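Text of work.txt, listed as compact mmCIF, C-alpha atoms and all ligand atoms:
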```
# COMPACT_ATOMS: atom_id res chain seq x y z
CA MET A 2 99.92 -24.59 -76.32
CA THR A 3 97.77 -25.48 -79.22
CA ASN A 4 97.35 -23.91 -82.63
CA ARG A 5 93.75 -24.91 -82.99
CA LYS A 6 91.19 -22.14 -83.32
CA ARG A 7 89.24 -21.37 -80.21
CA ILE A 8 85.60 -21.58 -79.29
CA LEU A 9 83.69 -20.21 -76.36
CA SER A 10 80.06 -20.79 -75.62
CA GLY A 11 77.86 -20.74 -72.57
CA MET A 12 74.49 -21.52 -71.07
CA ARG A 13 72.75 -19.91 -68.13
CA PRO A 14 72.05 -22.11 -65.10
CA THR A 15 68.36 -21.36 -64.76
CA GLY A 16 67.30 -25.03 -64.59
CA LYS A 17 68.09 -28.49 -65.86
CA LEU A 18 68.86 -28.73 -69.54
CA HIS A 19 66.29 -30.13 -71.95
CA LEU A 20 65.97 -31.65 -75.41
CA GLY A 21 66.08 -28.20 -77.02
CA HIS A 22 69.53 -27.58 -75.54
CA LEU A 23 70.69 -30.98 -76.73
CA VAL A 24 69.48 -30.67 -80.30
CA GLY A 25 70.07 -26.94 -80.65
CA ALA A 26 73.51 -26.72 -79.06
CA LEU A 27 75.06 -29.52 -77.03
CA ASN A 28 75.29 -32.12 -79.80
CA ASN A 29 77.12 -29.51 -81.83
CA TRP A 30 79.42 -28.57 -78.94
CA VAL A 31 80.38 -32.22 -78.54
CA LYS A 32 81.33 -32.49 -82.23
CA LEU A 33 83.51 -29.37 -82.08
CA GLN A 34 85.67 -30.65 -79.21
CA ASP A 35 88.37 -32.18 -81.37
CA ASP A 36 88.67 -29.52 -84.03
CA TYR A 37 88.82 -26.48 -81.77
CA GLN A 38 90.17 -25.59 -78.37
CA CYS A 39 86.85 -25.31 -76.58
CA PHE A 40 85.79 -23.33 -73.54
CA TYR A 41 82.29 -24.18 -72.33
CA MET A 42 80.94 -21.99 -69.62
CA ILE A 43 78.08 -21.97 -67.15
CA ALA A 44 77.04 -18.33 -67.26
CA ASP A 45 75.94 -17.72 -63.69
CA TRP A 46 76.60 -13.97 -63.76
CA HIS A 47 74.22 -13.79 -66.70
CA ALA A 48 71.64 -15.90 -64.87
CA LEU A 49 71.88 -13.66 -61.84
CA MET A 50 70.86 -10.68 -63.96
CA SER A 51 67.34 -12.08 -64.23
CA GLU A 52 67.25 -14.36 -61.14
CA TYR A 53 68.72 -12.00 -58.54
CA GLU A 54 65.43 -11.66 -56.67
CA ASP A 55 65.33 -15.37 -55.90
CA PRO A 56 68.72 -16.89 -56.65
CA LYS A 57 68.74 -19.68 -54.07
CA ASP A 58 68.77 -22.56 -56.60
CA MET A 59 71.35 -21.10 -58.91
CA GLN A 60 74.32 -22.95 -57.46
CA ILE A 61 72.47 -26.27 -57.59
CA PHE A 62 71.48 -25.53 -61.19
CA SER A 63 75.10 -24.78 -62.08
CA TYR A 64 76.11 -28.26 -60.94
CA GLU A 65 73.12 -29.80 -62.69
CA VAL A 66 74.03 -28.07 -65.94
CA ALA A 67 77.62 -29.27 -65.58
CA LYS A 68 76.28 -32.82 -65.16
CA ASP A 69 74.12 -32.42 -68.26
CA PHE A 70 77.13 -31.12 -70.20
CA ILE A 71 79.30 -34.07 -69.32
CA ALA A 72 76.58 -36.70 -69.59
CA SER A 73 75.79 -35.41 -73.09
CA GLY A 74 79.35 -35.99 -74.19
CA LEU A 75 81.47 -32.99 -73.29
CA ASP A 76 84.74 -34.48 -72.12
CA PRO A 77 86.72 -32.51 -69.51
CA ASN A 78 89.89 -34.00 -70.96
CA ARG A 79 89.17 -32.51 -74.36
CA CYS A 80 87.51 -29.21 -73.46
CA THR A 81 87.42 -26.74 -70.59
CA ILE A 82 84.20 -26.65 -68.58
CA PHE A 83 83.88 -23.92 -65.97
CA ILE A 84 81.59 -21.59 -64.04
CA GLN A 85 81.82 -17.96 -65.17
CA SER A 86 81.87 -16.47 -61.65
CA GLN A 87 84.89 -18.60 -60.76
CA VAL A 88 86.99 -16.77 -63.33
CA PRO A 89 87.17 -13.15 -62.11
CA GLN A 90 88.69 -11.90 -65.36
CA HIS A 91 85.25 -11.95 -67.04
CA LEU A 92 84.15 -8.97 -64.94
CA GLU A 93 87.45 -7.17 -65.40
CA LEU A 94 87.19 -7.30 -69.16
CA ALA A 95 83.46 -6.50 -69.06
CA MET A 96 84.28 -3.31 -67.15
CA ILE A 97 86.81 -2.21 -69.74
CA LEU A 98 84.52 -3.06 -72.64
CA SER A 99 81.60 -1.23 -71.01
CA ASP A 100 83.70 1.94 -71.02
CA LEU A 101 83.95 1.89 -74.80
CA THR A 102 80.48 0.57 -75.66
CA PRO A 103 78.09 3.38 -76.63
CA LEU A 104 74.85 3.30 -74.66
CA ALA A 105 72.82 3.29 -77.88
CA TRP A 106 74.31 -0.07 -78.92
CA VAL A 107 72.97 -1.87 -75.86
CA GLU A 108 69.71 0.05 -75.75
CA ARG A 109 68.78 -0.93 -79.28
CA CYS A 110 69.74 -4.60 -78.86
CA PRO A 111 66.65 -6.56 -79.98
CA THR A 112 67.11 -9.30 -77.37
CA TYR A 113 66.99 -6.68 -74.65
CA LYS A 114 63.60 -5.42 -75.75
CA GLU A 115 62.38 -8.97 -76.25
CA GLN A 116 63.42 -10.06 -72.75
CA LEU A 117 61.77 -7.04 -71.21
CA ARG A 118 58.58 -8.19 -72.89
CA GLU A 119 59.01 -11.91 -72.17
CA LEU A 120 60.30 -11.97 -68.62
CA LYS A 121 57.20 -10.39 -67.17
CA GLY A 122 57.07 -10.42 -63.41
CA ARG A 123 60.83 -9.85 -63.18
CA GLU A 124 62.23 -6.46 -62.46
CA ILE A 125 64.93 -6.37 -65.10
CA THR A 126 64.93 -2.74 -66.08
CA THR A 127 68.24 -2.62 -64.26
CA TYR A 128 71.68 -1.27 -64.92
CA GLY A 129 73.10 -4.82 -64.85
CA PHE A 130 70.66 -6.31 -67.32
CA LEU A 131 71.26 -3.57 -69.86
CA GLY A 132 74.91 -4.66 -69.81
CA TYR A 133 74.06 -8.30 -70.59
CA PRO A 134 75.59 -8.30 -74.08
CA VAL A 135 78.71 -6.44 -72.92
CA LEU A 136 79.46 -9.19 -70.42
CA GLN A 137 78.79 -11.72 -73.16
CA ALA A 138 81.26 -9.90 -75.41
CA ALA A 139 83.81 -10.08 -72.59
CA ASP A 140 83.19 -13.84 -72.18
CA ILE A 141 84.02 -14.37 -75.83
CA ALA A 142 86.88 -11.88 -76.17
CA LEU A 143 88.63 -13.09 -73.01
CA TYR A 144 89.48 -16.36 -74.79
CA LYS A 145 90.13 -14.61 -78.11
CA ALA A 146 87.50 -16.94 -79.49
CA ASN A 147 87.34 -17.25 -83.26
CA ALA A 148 83.95 -18.85 -83.23
CA VAL A 149 80.88 -19.20 -81.03
CA PRO A 150 78.43 -22.08 -81.47
CA VAL A 151 75.03 -20.56 -80.67
CA GLY A 152 71.39 -20.69 -81.58
CA VAL A 153 69.91 -18.05 -83.89
CA ASP A 154 68.43 -16.28 -80.87
CA GLN A 155 71.96 -15.29 -79.84
CA LEU A 156 73.00 -13.77 -83.18
CA PRO A 157 72.29 -10.16 -82.11
CA HIS A 158 74.65 -10.65 -79.15
CA LEU A 159 77.32 -12.01 -81.39
CA GLU A 160 76.96 -9.11 -83.78
CA LEU A 161 77.33 -6.72 -80.88
CA THR A 162 80.42 -8.61 -79.72
CA ARG A 163 81.93 -8.17 -83.15
CA GLU A 164 81.23 -4.44 -83.04
CA ILE A 165 82.69 -4.09 -79.55
CA VAL A 166 85.93 -5.94 -80.30
CA ARG A 167 86.27 -4.01 -83.56
CA ARG A 168 85.98 -0.81 -81.57
CA PHE A 169 88.58 -2.00 -79.06
CA ASN A 170 91.03 -3.02 -81.78
CA SER A 171 90.62 0.22 -83.69
CA LEU A 172 90.75 2.50 -80.62
CA TYR A 173 94.05 1.04 -79.46
CA LYS A 174 95.33 0.24 -82.95
CA LYS A 175 96.13 -3.32 -82.02
CA ASN A 176 94.62 -6.48 -83.35
CA VAL A 177 94.03 -8.03 -79.94
CA PHE A 178 90.69 -9.74 -80.40
CA PRO A 179 89.50 -11.75 -83.40
CA GLU A 180 85.98 -11.02 -84.62
CA PRO A 181 84.09 -14.18 -83.66
CA GLU A 182 82.00 -16.04 -86.22
CA PRO A 183 78.79 -17.85 -85.28
CA ILE A 184 78.55 -21.60 -85.76
CA LEU A 185 74.89 -22.53 -86.19
CA THR A 186 73.40 -26.01 -86.02
CA SER A 187 71.74 -27.44 -89.08
CA THR A 188 68.96 -29.04 -87.02
CA PRO A 189 65.62 -27.28 -87.21
CA LYS A 190 64.35 -25.78 -84.00
CA LEU A 191 62.55 -28.12 -81.66
CA LEU A 192 59.25 -26.75 -80.44
CA GLY A 193 57.86 -27.29 -76.95
CA LEU A 194 55.58 -30.26 -76.18
CA ASP A 195 52.56 -27.99 -76.59
CA ASN A 196 53.73 -26.57 -79.92
CA ARG A 197 54.73 -23.25 -78.37
CA LYS A 198 58.34 -22.10 -78.08
CA MET A 199 60.20 -24.50 -75.76
CA SER A 200 60.74 -22.60 -72.58
CA LYS A 201 61.46 -23.12 -68.94
CA SER A 202 58.65 -20.79 -67.97
CA TYR A 203 56.08 -22.78 -69.97
CA GLY A 204 57.32 -26.09 -68.51
CA ASN A 205 56.75 -27.65 -71.94
CA PHE A 206 59.95 -29.66 -72.29
CA ILE A 207 61.57 -33.02 -71.63
CA ALA A 208 64.64 -32.64 -69.45
CA LEU A 209 67.76 -34.66 -70.24
CA SER A 210 67.53 -36.08 -66.74
CA ASP A 211 63.84 -37.08 -66.90
CA THR A 212 63.08 -40.70 -65.96
CA PRO A 213 61.52 -43.07 -68.51
CA GLU A 214 58.20 -42.80 -66.64
CA THR A 215 58.23 -39.00 -66.84
CA ILE A 216 59.12 -39.12 -70.53
CA GLU A 217 56.22 -41.47 -71.22
CA LYS A 218 53.81 -39.27 -69.32
CA LYS A 219 54.97 -36.05 -71.00
CA VAL A 220 54.85 -37.59 -74.47
CA SER A 221 51.36 -38.97 -73.86
CA GLN A 222 50.18 -35.42 -73.16
CA MET A 223 51.76 -33.93 -76.28
CA ILE A 224 49.65 -32.03 -78.74
CA THR A 225 49.22 -33.70 -82.14
CA ASP A 226 47.40 -32.64 -85.28
CA PRO A 227 44.46 -30.57 -84.00
CA GLU A 228 42.48 -31.32 -87.17
CA ARG A 229 42.60 -35.06 -86.61
CA ILE A 230 39.78 -36.06 -84.33
CA HIS A 231 39.04 -39.70 -85.21
CA VAL A 232 41.63 -42.38 -85.93
CA LYS A 233 40.09 -42.69 -89.37
CA ASP A 234 40.78 -39.05 -90.19
CA LYS A 235 43.81 -38.50 -92.34
CA GLY A 236 46.57 -36.73 -90.43
CA HIS A 237 48.74 -33.72 -91.28
CA PRO A 238 52.26 -34.50 -90.08
CA SER A 239 53.55 -31.04 -90.96
CA ILE A 240 51.53 -29.47 -88.15
CA CYS A 241 52.04 -32.28 -85.62
CA THR A 242 54.57 -31.82 -82.82
CA VAL A 243 54.89 -35.55 -82.26
CA PHE A 244 55.84 -35.96 -85.91
CA ASN A 245 58.32 -33.12 -85.62
CA TYR A 246 60.04 -34.91 -82.74
CA LEU A 247 59.92 -38.30 -84.46
CA SER A 248 61.67 -36.89 -87.54
CA ASN A 249 64.22 -35.08 -85.42
CA PHE A 250 65.21 -38.09 -83.38
CA GLY A 251 64.38 -40.96 -85.72
CA GLY A 252 65.96 -39.64 -88.91
CA GLY A 253 64.83 -39.86 -92.54
CA ALA A 254 63.46 -43.41 -92.69
CA VAL A 255 61.28 -43.05 -89.60
CA SER A 256 60.11 -39.68 -90.81
CA ARG A 257 59.07 -40.95 -94.25
CA GLU A 258 57.36 -44.05 -92.89
CA THR A 259 55.44 -42.16 -90.21
CA LYS A 260 54.41 -39.52 -92.71
CA SER A 261 52.84 -41.99 -95.07
CA LEU A 262 51.16 -43.97 -92.26
CA CYS A 263 49.72 -40.80 -90.76
CA GLU A 264 48.55 -39.30 -94.03
CA SER A 265 46.76 -42.53 -94.93
CA ALA A 266 45.25 -42.81 -91.44
CA SER A 267 47.05 -46.15 -90.96
CA ILE A 268 48.51 -45.17 -87.61
CA GLY A 269 46.80 -43.38 -84.73
CA CYS A 270 48.24 -40.66 -82.55
CA THR A 271 48.46 -42.91 -79.50
CA ALA A 272 50.64 -45.39 -81.36
CA CYS A 273 52.82 -42.58 -82.68
CA LYS A 274 53.28 -41.27 -79.17
CA LYS A 275 54.25 -44.73 -77.95
CA ASN A 276 56.88 -44.92 -80.69
CA LEU A 277 58.19 -41.50 -79.80
CA ALA A 278 58.37 -42.20 -76.07
CA LYS A 279 60.30 -45.40 -76.75
CA MET A 280 62.68 -43.58 -79.07
CA LEU A 281 63.34 -40.74 -76.62
CA ILE A 282 63.84 -43.12 -73.71
CA GLU A 283 66.40 -45.03 -75.78
CA ASN A 284 68.08 -41.85 -77.01
CA LEU A 285 68.42 -40.42 -73.54
CA ALA A 286 69.44 -43.69 -71.85
CA PRO A 287 73.22 -43.17 -72.23
CA ILE A 288 72.91 -39.61 -70.90
CA ARG A 289 70.81 -40.74 -67.96
CA GLU A 290 73.23 -43.54 -67.11
CA LYS A 291 76.29 -41.36 -67.34
CA ARG A 292 74.58 -38.72 -65.25
CA ALA A 293 73.79 -41.22 -62.50
CA HIS A 294 77.51 -41.81 -61.97
CA LEU A 295 78.41 -38.15 -61.66
CA THR A 296 78.52 -37.17 -58.01
CA ASP A 297 78.51 -33.57 -56.82
CA LEU A 298 82.02 -34.12 -55.55
CA LYS A 299 83.27 -35.24 -58.95
CA ILE A 300 81.52 -32.32 -60.66
CA LYS A 301 83.05 -29.80 -58.29
CA GLU A 302 86.49 -31.26 -58.98
CA ILE A 303 85.98 -31.00 -62.74
CA LEU A 304 84.73 -27.40 -62.45
CA LYS A 305 87.64 -26.43 -60.24
CA GLU A 306 90.11 -27.83 -62.73
CA GLY A 307 88.19 -26.10 -65.55
CA ALA A 308 88.32 -22.75 -63.76
CA LYS A 309 92.08 -23.17 -63.36
CA GLU A 310 92.53 -23.78 -67.09
CA ALA A 311 90.25 -20.86 -67.94
CA ILE A 312 92.08 -18.51 -65.55
CA ASP A 313 95.36 -19.54 -67.08
CA PHE A 314 94.21 -18.29 -70.49
CA ALA A 315 92.12 -15.37 -69.23
CA SER A 316 94.84 -13.89 -67.05
CA ARG A 317 97.20 -13.72 -69.99
CA THR A 318 94.59 -11.84 -72.02
CA MET A 319 94.00 -9.45 -69.12
CA ASP A 320 97.75 -8.78 -68.74
CA GLU A 321 97.84 -7.77 -72.36
CA VAL A 322 94.63 -5.70 -72.14
CA LYS A 323 95.62 -3.92 -68.94
CA GLY A 324 98.94 -3.01 -70.55
CA ILE A 325 97.12 -1.55 -73.53
CA VAL A 326 94.63 0.56 -71.57
CA GLY A 327 97.24 1.73 -69.09
CA LEU A 328 96.30 -0.16 -65.92
CA PRO A 329 98.99 -1.57 -63.60
CA ARG A 330 99.58 -5.31 -64.06
N1 LIG A 401 73.34 -15.45 -73.55
C1 LIG A 401 73.55 -16.87 -73.67
C2 LIG A 401 72.19 -17.58 -73.54
O1 LIG A 401 71.29 -17.07 -72.97
C3 LIG A 401 74.49 -17.41 -72.64
C4 LIG A 401 75.88 -16.85 -72.78
C5 LIG A 401 76.53 -16.08 -71.90
C6 LIG A 401 76.75 -17.08 -73.89
N2 LIG A 401 77.79 -15.79 -72.37
C7 LIG A 401 77.95 -16.36 -73.56
C8 LIG A 401 76.64 -17.76 -75.10
C9 LIG A 401 79.01 -16.34 -74.46
C10 LIG A 401 77.70 -17.72 -75.99
C11 LIG A 401 78.90 -17.00 -75.67
O2 LIG A 401 72.06 -18.69 -74.00
```

Please express the file's structure as structure tokens.
Amino acid sequence: MTNRKRILSGMRPTGKLHLGHLVGALNNWVKLQDDYQCFYMIADWHALMSEYEDPKDMQIFSYEVAKDFIASGLDPNRCTIFIQSQVPQHLELAMILSDLTPLAWVERCPTYKEQLRELKGREITTYGFLGYPVLQAADIALYKANAVPVGVDQLPHLELTREIVRRFNSLYKKNVFPEPEPILTSTPKLLGLDNRKMSKSYGNFIALSDTPETIEKKVSQMITDPERIHVKDKGHPSICTVFNYLSNFGGGAVSRETKSLCESASIGCTACKKNLAKMLIENLAPIREKRAHLTDLKIKEILKEGAKEAIDFASRTMDEVKGIVGLPR
């Protein structure tokens, strides 16, 4: 047993992970491994809520995401990596929490309305999808997590989790679940290659597993400063996506140098893109190499071991919870 505080976080297996996941979450998850007891989950039940009409790739994506996790620096010896559906206790706790969650709380959840708008073409006005944040609350509460490293987009879910566990604790007059705190990254949000929100459906991202050739090609097609037409025009780095990426990955010195070169029209967009492609290829090289050595067999072994560790913790929580709500153990 360990006295460290606990963390749970998760990602849905709807495709390979990209730079946004790395900068917005994974790098942070890696750092937290030593200070907390960490549970990192591949949320396939959550993915199924929106992908149920065509779920054939979901299992492959789960393994791909696990590879991305490990290649990015999550270490199965220092954290628990598992697939949500392999730990049945998530659904057990979700059922109990759904009994005590007022309908109005899930109906007014801003992410719910947003997803209904964004995921056009998917039939997600379903019973299951409405319960998305309740399952997420169960994910977190099952491990009595004290903190959840997430992006700002997930804050409404975390707030709802806090309300749900508060309701559980006060209903049964027992302090079973801690109210989890968010841990946000300090890195500014990375936009998509076309300056829109980075999103799987727009296809405007660089995947962690992209080859150097693909990276070069994608970077060469990136949108720069729309007001800069000729090389002799002075550029506006603040509205240039390539500059945004260069600062993110190159740090302060690169950012300052590029800014002054661009603003004085001393560097052209093509040269900037070349610099960026080189930088990204170098940055992603260790991930790509590590990934190449991870076989499906190895990944399945790691996930099986992870599920065992997760079940070990989760089943103890469920024993306690079932006792409290009067179910046989
Ligand atoms: N909803 C999260 C997302 O879309 C994924 C998720 C599921 C999660 N369960 C979680 C995140 C628990 C944090 C904690 O990214």

| task | Would you mind listing what lies within 8 Å of stretch 148-157 of chain A as a ChimeraX atom specification, with all atoms listed in the file counted and same-chain residues fewer than 2 positions away left out? | result | /A:6-10,25-26,29-30,110-112,141,146,159-161,181-186

| In terms of the shortest atom-to-atom distance over only C-alpha atoms, which of A:Ala142, A:Gln90, A:Asn276, A:Met223 is closest to A:Ala308? | A:Gln90

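Distances to ligand LIG 401 (chain A) were evaluated for A:Ile303, A:Ala266, A:Cys241, A:Ala95 using only C-alpha atoms and all ligand atoms, and the minimum falls at A:Ala95.
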
Six-sided padding of 3 Å per side, axis-aligned box over stretch 114-119 of chain A, centre and edges in Å, one decimal, as AutoDock Vina command-line options:
```
--center_x 61.1 --center_y -8.7 --center_z -73.7 --size_x 11.0 --size_y 12.5 --size_z 11.0
```

| request: Enumerate, as a ChimeraX atom specification, the protein, DNA and RNA residues whose atoms approach (55.2, -36.1, -73.0) to within 12 Å, taking into account all atoms listed in the file and the coordinate frame of the file. | output: /A:20,193-196,204-208,211-225,242-243,246,271,273-279,281-282

| task | Work out how far atom CA of A:Ser51 is from atom CA of A:Phe130, in Å to one decimal. | result |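 Computed distance, atom CA of A:Phe130 to atom CA of A:Ser51, equals 7.3 Å.
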
| Hey, which of A:Leu143, A:Ile312, A:Leu247, A:Leu192 ends up closest to ligand LIG 401 (chain A)? Count all atoms listed in the file. | A:Leu143

| request: Counting all atoms listed in the file, select every polymer residue within 7 Å of (85.6, -1.4, -75.7) as defined in the file's coordinates, and provide the selection as a PyMOL selection string. | output: chain A and resi 97-102+165-166+168-169

| From A:Glu108, A:Asp140, A:Asp45, A:Asp35, residue lying nearest A:Thr126 [all atoms listed in the file] | A:Glu108

| query | So, counting all atoms listed in the file, which residue among A:Asp36, A:Lys190, A:Ile240, A:Glu119 is closest to A:Glu228? | reply | A:Ile240

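Between atom CA of A:Ile84 and atom CA of A:Tyr41 there is a distance of 8.7 Å.
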
| query | Which neighbours of A:Asn28 fall inside 8 Å, counting all atoms listed in the file, when residues of the same chain fewer than 5 positions from it are skipped, and could you give them as a PyMOL selection string? | reply | chain A and resi 23+73-74

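Remark: for ligand LIG 401 (chain A), the closest of the candidate residues A:Ala48, A:Met12, A:Ala293, A:Ala311 is A:Met12 (distances computed over only C-alpha atoms and all ligand atoms).
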
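Distance-wise, atom CA of A:Asn147 and atom CA of A:Glu180 end up 6.5 Å apart.
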